[in-house]
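To start, the structure under review is shown below, and the notes come after it.
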Amino acid sequence: MMAFVALFAATGCLDAGGPPSGQRWISGRTVQLLQFVSVGAGAPPTSLLISDGATSEESTLYLASDPGRASSSSNAPSASAGARLLLTGFSDPGAGLCAYGDCRVAEDSLGRLLVPQNVPQSPGVYLNIQELYRFDLSTAAAVDLGQENAFATSPSGMRLFIYDESTGSAQVREVDDRTTSLDNIQGIAFVGEDLYYVQLADPSDQTTGSLGRLTVDGTPEVVVNGPLYTSYFSTLAAGSETLLVLNQFDPNGAYVTSLVDPATLVLTPLPGDIGSVSPDGNWLVLGVSSDSNGTPSYQLEAFDRSTGATQPLPMTSGGANDWRPGHVELWMSADSGYGYAPSDNHQIQIWQPGSGATLTQVAAALAAYPRSPDYSNVSQTFTRDGQHWFSFVPGPNGGQIYVGRADDPAAATFPVNPLGTGSGSYWELVDGRLLVEASVGDYNRNDIYLVDPDTGQSRALATGGHVVTIGTTRALALLDWDAGADSGELTLIDFDSGAITPLGQNVRTAIVQRQFDLGDPDADLLPPGAEVAFLVHDSLASPYDGVWVLALP
Amino acid sequence: MSALGLVPSLFLSVSLATSPNLPDAAAPDGGVSSGDAGADASDGGAVDAAGPIAPPAVPPPTEVPPRLAPIVGRVLEKGTRRPVIGAVLAIDLITAGETDDRGRFAAAAPCGPRHVVVQAPGFEPLGFERDPCADPSPLLLRLVRRPGGRVFESVVRAQPSLPSIKLAGPELTKTPGSLGDPFRTIESLPGVSVVAWPAPIYAVRGANPGNTGFFLDDLSIPSLFHLALGPAVVHPYFIDSLDFYPGGYPARYGRYVSGIVTAETREPPADMVHGSVDIRLFDAGALVSGPLPGGQGTVVAAARYSYTGTVISLLSNAVQLSYWDYQLRADRSFGPVHLTLLAFGSSDFLSSTGSNAAANELELRFHRVGLRASLPIGGGLLSAGLAVGADHTRSPLANAYPLTVEDTSLFPRLSFRRRLPHVDLQLGLDGELQHFDALTTIERPMVLDLARARDARLLAAYASLAVRPGQRLVVTPELRLDTYEVSGVEKADLGPRLSARLEVDDKTWLVAAGGRFTQTPSLPLQIPGAESFGLALYGLQSSWQGSLGVGTKRCLGLEANLTGYLQRYVLTDIRDPTFSTSIDPLADDFLVRRDALSYGFEVLVRRPPSERLYGWLSYTLSWNLRAFGGGVIGPSDWDQRHVLNLVLGYRLGRYSFGGRAHYNTGRPVLVAGDFQRLPSFFQIDLRADRRFVFNRFSMEVYFELVNATLDREVVSLQSTGIGPPVENSYLIVLPSIGVHAEF
């Protein structure tokens with residue numbers, strides 16, 4: 001019997017596994033990771049915003065900084081042990097915005113945080129009313145900016161628009177705290193630093209609005225008189241210009257989409273709904289409805305901004321159509337329906353101003369294939385440089401995306417994801433190669449491939465996860481994603497060597513210092529030394545649960 | 001009568017098996033009694049004319065005797081036609097002899113009315129009047145098995161030092177809750193956790209369900225149960241006995257890191273043709289056995305077919321379900337060589353009839369055919385066997401991977417056993433040579449080799465030495481060398497095993513067992529064709545096992561065992577046991593290699609089925625841990641701290657009643673990313689049998705109600721974000737009514 005005892009003594013106990021790479025800043029199982037922030041204008045973003053709470057309405061906001069080596073083994077029970085409390089009742093933006101990749105707490109141009117605090121109407125009952133606070137992290141000063149239902153900053157963050165629905169009033173706060181009040185505001189948009197707004201003359205009459213403007217250091221002015229309908233008010237990037245789009249009533253009382261050029265303040269009614277804008281900003285694709293002999297129809301037309309003339313496009317509705325970046329070429333599916341039915345006969349129309357449309361036989365249907373992380377307002381049918389186009393063949397688990405050279409659309413195309421998988425988006429590397437995520441149903445669990453769009457050569461890099469972000473030479477990914485535990489293994493993937501560097505297990509989310517630095521698409525977000533913060537949350541309480549920060553190797 | 005009592009026994013004689021005048025075993029029943037149809041249903045014994053039976057040889061008298069006449073005939077068990085061996089024949093209270101191994105007897109008695117009584121252990125005595133001179137025709141006597149009596153004795157274990165639980169007789173087919181299925185009975189034994197009742201998926205001593213092997217006459221069964229709560233793929237009455245090794249199993253078996261269940265097929269009776277028919281609500285089966293022509297061997301064949309699909313189709317046309325299975329065993333001797341042919345197979349088909357139905361079809365099928373030869377040689381027994389297998393699995397795999405896997409296999413086996421005065425020696429080789437073909441439209445390069453064509457070569461050699469240094473101690477050291485080659489990746493492992501049994505006294509013993517065991521990576525469920533994969537990715541699964549137990553028979557005729565065990569594993573676990581969003585079973589992280597530790601205590605208090613009141617109480621207290629990495633050691637997915645089963649059977653006349661009470665504490669589940677435990681589950685199962693005995697066949701009508709207490713089992717917890725999680729539960733009650741007839 002002693003032999004048995006000796007036998008099992010020799011086998012030893014279970015090894016619980018070591019900690020992740022890096023240093024733990026905050027321990028706990030209820031914390032949420034928000035973003036890197038700078039303490040002081042111009043300083044590098046080396047501190048972290050952390051929220052901690054059971055619900056998005058009742059979270060507490062903390063600021064965490066590098067605690068030093070001594071606390072790396074800290075087992076503090078909650079976020080408060082290693083962080084500075086900023087605000088209770090914090091309205092966590094992650095609850096609704098993270099799906100779009102932007103969970104940021106807003107900042108102004110001086111790096112001051114703009115944080116809404118939920119105001120309960122009664123205990124536990126919250127409506128869409130918050131108190132807006134501004135935190136200066138370098139001075140620890142907090143300013144109550146008042147009640148708001150919505151707020152927005154100008155692109156530079158120097159101007160802040162705050163709207164209070166209960167009073168119908170709004171204020172524009174400059175960076176030096178000068179404020180301008182506006183009443184009966186129905187919609188706003190920043191064009192550059194200028195604020196444009198639709199203002200009603202009579203709050204009870206939604207059709208009597210006018211378009212106003214408040215420039216920096218200016219005073220409110222009406223730039224276009226109504227009647228305007230204000231349910232839709234937005235900006236439209238047209239080449240290097242930014243246009244305003246809004247609705248207007250025509251003499252018959254019908255809504256008409258109109259375009260306002262902020263440079264000229266000319267209001268141009270359009271004969272249809274705006275679809276897309278050519279890369280040079282001159283051509284708009286419009287969807288024009290008509291009713292011929294009682295049969296409603298929908299026709300695409302090209303609108304020439306320079307002349308105001310329209311040209312019919314050889315496409316009715318459905319299917320993909322997109323402008324080729326760097327070219328004034330509108331590509332349209334010429335297949336019936338969406339063109340996704342299995343078929344050996346696919347065609348596209350390529351329309352160019354002046355030369356009209358060219359019908360081309362292609363291997364597969366023109367497809368929209370979003371590029372990460374900017375899923376919207378960019379071409380989805382072409383690569384960023386317009387050199388390659390995407391098509392689609394239906395199949396099990398989603399179907400295959402194909403890529404081909406846009407200069408020769410009839411030439412052979414190559415699959416970017418294997419048969420039997422589906423791919424919802426891709427990342428485009430600086431050198432033009434495609435980092436493709438292909439899944440079989442769970443979009444958090446992808447096989448990750450590196451695809452050369454010129455040759456179709458594909459190399460499998462990893463499996464079972466998704467990309468957090470990419471740099472110029474490598475990607476940060478959460479692999480072996482466990483859907484039940486909602487976590488994966490934080491991993492660096494080197495594009496050229498395919499080397500996999502595990503960084504931490506049971507990671508729910510991860511952010512890099514310049515996660516949202518999208519201004520320069522060629523910027524390397526993952527250089528050596530760049531800090532990555534990640535949230536470890538094991539299914540069972542782990543001594544390593546909490547927020548960890550590491551410098552990338 | 002008193003004068004008759006003075007008839008010296010010298011005048012009575014008996015001729016036993018060697019009598020050349022008695023007819024062959026198959027013959028006497030041919031001319032059977034005229035009363036079969038009308039009088040069959042009586043429960044009493046019967047006396048029939050047996051047709052022409054030659055009178056036995058009677059020794060010549062040495063003096064002038066009274067006139068004698070023969071009383072000859074045959075004694076059979078009523079309802080089965082099986083001969084009753086060793087039945088004692090008494091004529092006018094004087095023992096006249098016993099029946100031979102074919103149930104025959106022959107005696108002589110003076111003329112005149114004689115009172116004849118036939119008795120046999122376990123049977124009601126049969127008495128009648130007979131004047132041998134007035135009616136010398138052969139008799140055919142049918143004894144009625146005594147209801148509620150001791151029906152058989154436990155079988156002596158072949159290797160007493162190895163810790164196993166043997167089930168036989170009514171424990172196999174009448175245990176409440178098992179639906180008459182011998183393999184389901186193990187869910188009431190210690191060391192076993194039912195993963196999700198009533199699915200027959202068993203986790204033994206903390207390992208995964210796929211780590212327990214099931215063997216039929218040494219051939220592994222690729223898929224034990226039919227789909228949709230169907231029965232096991234082997235006909236219940238094809239099985240003679242079943243041994244459950246929760247750990248520390250013998251070296252002649254391998255490739256499983258947890259326990260094994262070995263079933264021995266029933267050797268067909270050689271006397272005559274027998275058969276049985278089973279009809280249940282959801283399937284029907286039949287078994288026929290008998291001697292081969294010429295009497296040179298025996299054969300038994302069984303088959304079963306489910307009409308569940310038809311029944312379901314009557315209720316809904318959305319689902320199609322069907323299954324069948326078959327078994328055959330034939331034995332024949334050629335001189336000193338004894339050959340045994342074993343064939344078995346199974347098929348399941350499950351489909352929905354909605355859109356894309358073809359892609360959703362699940363089809364599981366396998367066949368095994370093996371031939372084994374045994375030859376006494378060198379004072380021992382040499383056995384050689386070769387089996388071939390063919391598997392076919394077509395699966396939608398959660399609609400994501402339409403995949404068809406086919407494999408063909410060879411299973412060679414060679415062993416030599418020799419028993420010496422103090423040592424039992426056993427040497428052997430066994431192997432599995434497999435080729436897998438995978439057909440799929442998926443072209444993912446990074447999937448498991450489970451979905452690819454591959455070859456596997458699993459070979460093993462073993463040696464076992466059971467040493468008996470004295471009357472009370474048996475020590476069995478064993479060694480097994482396993483080699484694995486899967487998709488070109490090779491691994492080898494040398495597994496020592498040791499077991500010992502010490503008889504402390506006549507009624508108390510100690511048993512210890514342990515060793516090392518290895519296995520290729522495995523799925524949580526055993527699926528034909530889904531084996532021998534992933535060796536490059538995960539390496540071998542392995543375990544070090546150890547157990548120490550004490551047993552006693554000191555009280556109330558009960559056998560009580562207490563066993564402590566400790567198992568140290570390296571296992572392939574499912575990474576996401578919740579399958580919470582989608583199943584990706586071919587991804588290389590569907591499984592994850594983990595260190596595991598299981599330990600606990602098992603209690604088994606048992607009253608043998610030979611008693612009128614029989615059954616057992618089993619209790620398992622266990623801790624099943626996994627090293628999840630990331631600093632966490634936590635409970636495994638199958639961790640149930642307490643499992644309690646009380647199984648009782650009681651025979652009352654032609655009736656028998658049984659019940660099972662089961663209780664288990666909840667296992668851990670993921671709830672919104674965190675582990676919580678399911679609530680406990682309790683159920684009671686009931687069963688009642690009524691036996692009808694006819695002269696030439698018997699019939700049992702039974703009713704079983706599984707989960708008679710209508711308890712709901714909670715299978716998962718769902719977080720709502722507010723308050724405690726919602727319990728997802730189901731209520732399943734399994735009624736079964738059926739008829740089993742045998743002749």
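Following the order of the structure tokens, chains are lettered A, B, ..., residues in each are numbered from 1, and ligands are numbered from 1.
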Distance-based interface of chain A with chain B, 8 Å, counting only C-alpha atoms, as a PyMOL selection string
chain A and resi 1+4+8+11+14-20+396-397+418-421+440-442+447+460+462-464+480+482-486+504-506+538-544
Alpha helix (DSSP H) per DSSP on the backbone: members of range 89-300 of chain B, as a ChimeraX atom specification
/B:170-173
Take the residues from that selection and put them in a file with N, CA and C atoms, as a CSV table (one decimal), in the first residue's frame.
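Below you can see result.csv, which holds the result:
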chain,number,residue,atom,x,y,z
B,170,PRO,N,-30.7,-11.1,-13.0
B,170,PRO,CA,-31.8,-10.1,-13.0
B,170,PRO,C,-31.2,-8.7,-12.8
B,171,GLU,N,-30.0,-8.6,-12.3
B,171,GLU,CA,-29.3,-7.3,-12.2
B,171,GLU,C,-29.1,-6.6,-13.6
B,172,LEU,N,-28.9,-7.5,-14.5
B,172,LEU,CA,-28.7,-7.0,-15.9
B,172,LEU,C,-29.9,-6.5,-16.6
B,173,THR,N,-31.0,-7.1,-16.4
B,173,THR,CA,-32.2,-6.8,-17.2
B,173,THR,C,-33.4,-6.3,-16.4
Which residues in range 344-547 of chain B does DSSP call strand (DSSP E)? List them as a PyMOL selection string.
chain B and resi 344-352+362-377+380-395+403-419+423-440+454-467+473-486+489-505+508-519+541-547
I'd like the contact shell of Ser351 in chain B - 7 Å cut-off, only C-alpha atoms, skipping same-chain residues fewer than 6 positions apart - returned as a count of residues only.
7
If we count only C-alpha atoms, what is near Arg452 in chain B at a cut-off of 9 Å, once residues fewer than 5 positions away on the same chain are taken out, given as a tab-separated table (two decimals) with N, CA and C atoms, in the first residue's frame?
chain	number	residue	atom	x	y	z
B	405	VAL	N	-17.49	10.39	-42.19
B	405	VAL	CA	-16.26	9.68	-41.86
B	405	VAL	C	-16.53	8.19	-42.01
B	436	PHE	N	-8.97	5.89	-41.84
B	436	PHE	CA	-10.14	6.77	-41.83
B	436	PHE	C	-10.18	7.57	-43.13
B	437	ASP	N	-11.35	7.66	-43.68
B	437	ASP	CA	-11.60	8.55	-44.81
B	437	ASP	C	-12.63	9.57	-44.38
B	438	ALA	N	-12.35	10.81	-44.70
B	438	ALA	CA	-13.28	11.88	-44.33
B	438	ALA	C	-13.74	12.58	-45.59
B	439	LEU	N	-15.02	12.73	-45.70
B	439	LEU	CA	-15.61	13.43	-46.84
B	439	LEU	C	-16.31	14.67	-46.32
B	440	THR	N	-15.88	15.81	-46.79
B	440	THR	CA	-16.50	17.04	-46.32
B	440	THR	C	-16.32	18.13	-47.37
B	447	VAL	N	-8.16	22.66	-39.26
B	447	VAL	CA	-9.05	21.85	-38.43
B	447	VAL	C	-8.30	20.62	-37.92
Set the distance at 12 Å and use only C-alpha atoms: which residues neighbour Arg372 in chain B once local chain neighbours fewer than 5 positions away are removed? I'd like the list as a ChimeraX atom specification.
/B:217-219,329-333,337-343,382-388,411-415
Which residues, written as a ChimeraX atom specification, have at least one atom at most 10 Å from range 643-653 of chain B, with only C-alpha atoms counted and residues fewer than 6 positions away on the same chain left out?
/B:146-150,170-171,174-177,187-194,602-607,609,611-622,659-666,680-691
Deliver the residues from the most recent selection as a file, using C-alpha atoms, as a PDB file, in the first residue's frame.
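Output file part_21.pdb follows:
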ATOM      1  CA  ARG B 146     -39.634 -21.780  -7.218  1.00  0.00           C
ATOM      2  CA  PRO B 147     -40.783 -18.177  -7.138  1.00  0.00           C
ATOM      3  CA  GLY B 148     -38.844 -15.883  -4.935  1.00  0.00           C
ATOM      4  CA  GLY B 149     -36.213 -18.414  -4.233  1.00  0.00           C
ATOM      5  CA  ARG B 150     -32.525 -18.210  -4.742  1.00  0.00           C
ATOM      6  CA  PRO B 170     -31.757 -10.056 -13.020  1.00  0.00           C
ATOM      7  CA  GLU B 171     -29.347  -7.255 -12.186  1.00  0.00           C
ATOM      8  CA  LYS B 174     -34.442  -5.923 -14.323  1.00  0.00           C
ATOM      9  CA  THR B 175     -32.714  -3.102 -12.536  1.00  0.00           C
ATOM     10  CA  PRO B 176     -35.245  -0.289 -12.235  1.00  0.00           C
ATOM     11  CA  GLY B 177     -34.275   2.804 -14.139  1.00  0.00           C
ATOM     12  CA  GLU B 187     -25.381   4.449 -13.757  1.00  0.00           C
ATOM     13  CA  SER B 188     -26.488   3.102 -10.382  1.00  0.00           C
ATOM     14  CA  LEU B 189     -23.026   1.919  -9.424  1.00  0.00           C
ATOM     15  CA  PRO B 190     -20.498   3.835  -7.362  1.00  0.00           C
ATOM     16  CA  GLY B 191     -18.028   6.033  -9.164  1.00  0.00           C
ATOM     17  CA  VAL B 192     -20.441   6.921 -11.941  1.00  0.00           C
ATOM     18  CA  SER B 193     -21.938  10.333 -12.639  1.00  0.00           C
ATOM     19  CA  VAL B 194     -24.677  10.716 -15.189  1.00  0.00           C
ATOM     20  CA  GLU B 602     -17.244   4.888  -2.892  1.00  0.00           C
ATOM     21  CA  VAL B 603     -19.581   2.743  -0.867  1.00  0.00           C
ATOM     22  CA  LEU B 604     -21.356  -0.314  -2.177  1.00  0.00           C
ATOM     23  CA  VAL B 605     -23.592  -2.372   0.088  1.00  0.00           C
ATOM     24  CA  ARG B 606     -25.039  -5.234  -1.818  1.00  0.00           C
ATOM     25  CA  ARG B 607     -27.413  -8.091  -1.321  1.00  0.00           C
ATOM     26  CA  PRO B 609     -29.726 -11.281  -6.619  1.00  0.00           C
ATOM     27  CA  GLU B 611     -31.960 -13.553  -2.478  1.00  0.00           C
ATOM     28  CA  ARG B 612     -35.647 -12.816  -2.507  1.00  0.00           C
ATOM     29  CA  LEU B 613     -34.882  -9.244  -1.574  1.00  0.00           C
ATOM     30  CA  TYR B 614     -31.833  -8.068  -3.417  1.00  0.00           C
ATOM     31  CA  GLY B 615     -30.198  -4.905  -4.590  1.00  0.00           C
ATOM     32  CA  TRP B 616     -27.598  -2.453  -3.508  1.00  0.00           C
ATOM     33  CA  LEU B 617     -26.888   0.890  -2.024  1.00  0.00           C
ATOM     34  CA  SER B 618     -24.175   2.879  -3.696  1.00  0.00           C
ATOM     35  CA  TYR B 619     -22.810   6.197  -2.639  1.00  0.00           C
ATOM     36  CA  THR B 620     -20.047   8.242  -4.140  1.00  0.00           C
ATOM     37  CA  LEU B 621     -18.390  11.197  -2.515  1.00  0.00           C
ATOM     38  CA  SER B 622     -16.015  12.721  -5.001  1.00  0.00           C
ATOM     39  CA  GLY B 659     -37.397   0.408  -7.329  1.00  0.00           C
ATOM     40  CA  ARG B 660     -34.506   2.758  -7.541  1.00  0.00           C
ATOM     41  CA  ALA B 661     -34.009   6.003  -5.715  1.00  0.00           C
ATOM     42  CA  HIS B 662     -31.379   8.308  -7.096  1.00  0.00           C
ATOM     43  CA  TYR B 663     -29.991  11.529  -5.721  1.00  0.00           C
ATOM     44  CA  ASN B 664     -27.162  13.676  -6.940  1.00  0.00           C
ATOM     45  CA  THR B 665     -25.932  17.120  -6.145  1.00  0.00           C
ATOM     46  CA  GLY B 666     -25.563  19.531  -9.006  1.00  0.00           C
ATOM     47  CA  SER B 680     -29.682  18.689  -6.815  1.00  0.00           C
ATOM     48  CA  PHE B 681     -31.729  16.072  -8.591  1.00  0.00           C
ATOM     49  CA  PHE B 682     -33.765  13.275  -7.132  1.00  0.00           C
ATOM     50  CA  GLN B 683     -35.773  10.627  -8.861  1.00  0.00           C
ATOM     51  CA  ILE B 684     -37.483   7.340  -8.150  1.00  0.00           C
ATOM     52  CA  ASP B 685     -37.851   4.617 -10.742  1.00  0.00           C
ATOM     53  CA  LEU B 686     -40.267   1.733 -10.431  1.00  0.00           C
ATOM     54  CA  ARG B 687     -40.581  -1.589 -12.144  1.00  0.00           C
ATOM     55  CA  ALA B 688     -42.966  -4.515 -11.883  1.00  0.00           C
ATOM     56  CA  ASP B 689     -42.802  -7.864 -13.620  1.00  0.00           C
ATOM     57  CA  ARG B 690     -45.308 -10.655 -13.900  1.00  0.00           C
ATOM     58  CA  ARG B 691     -44.083 -13.970 -15.135  1.00  0.00           C
TER      59      ARG B 691
END
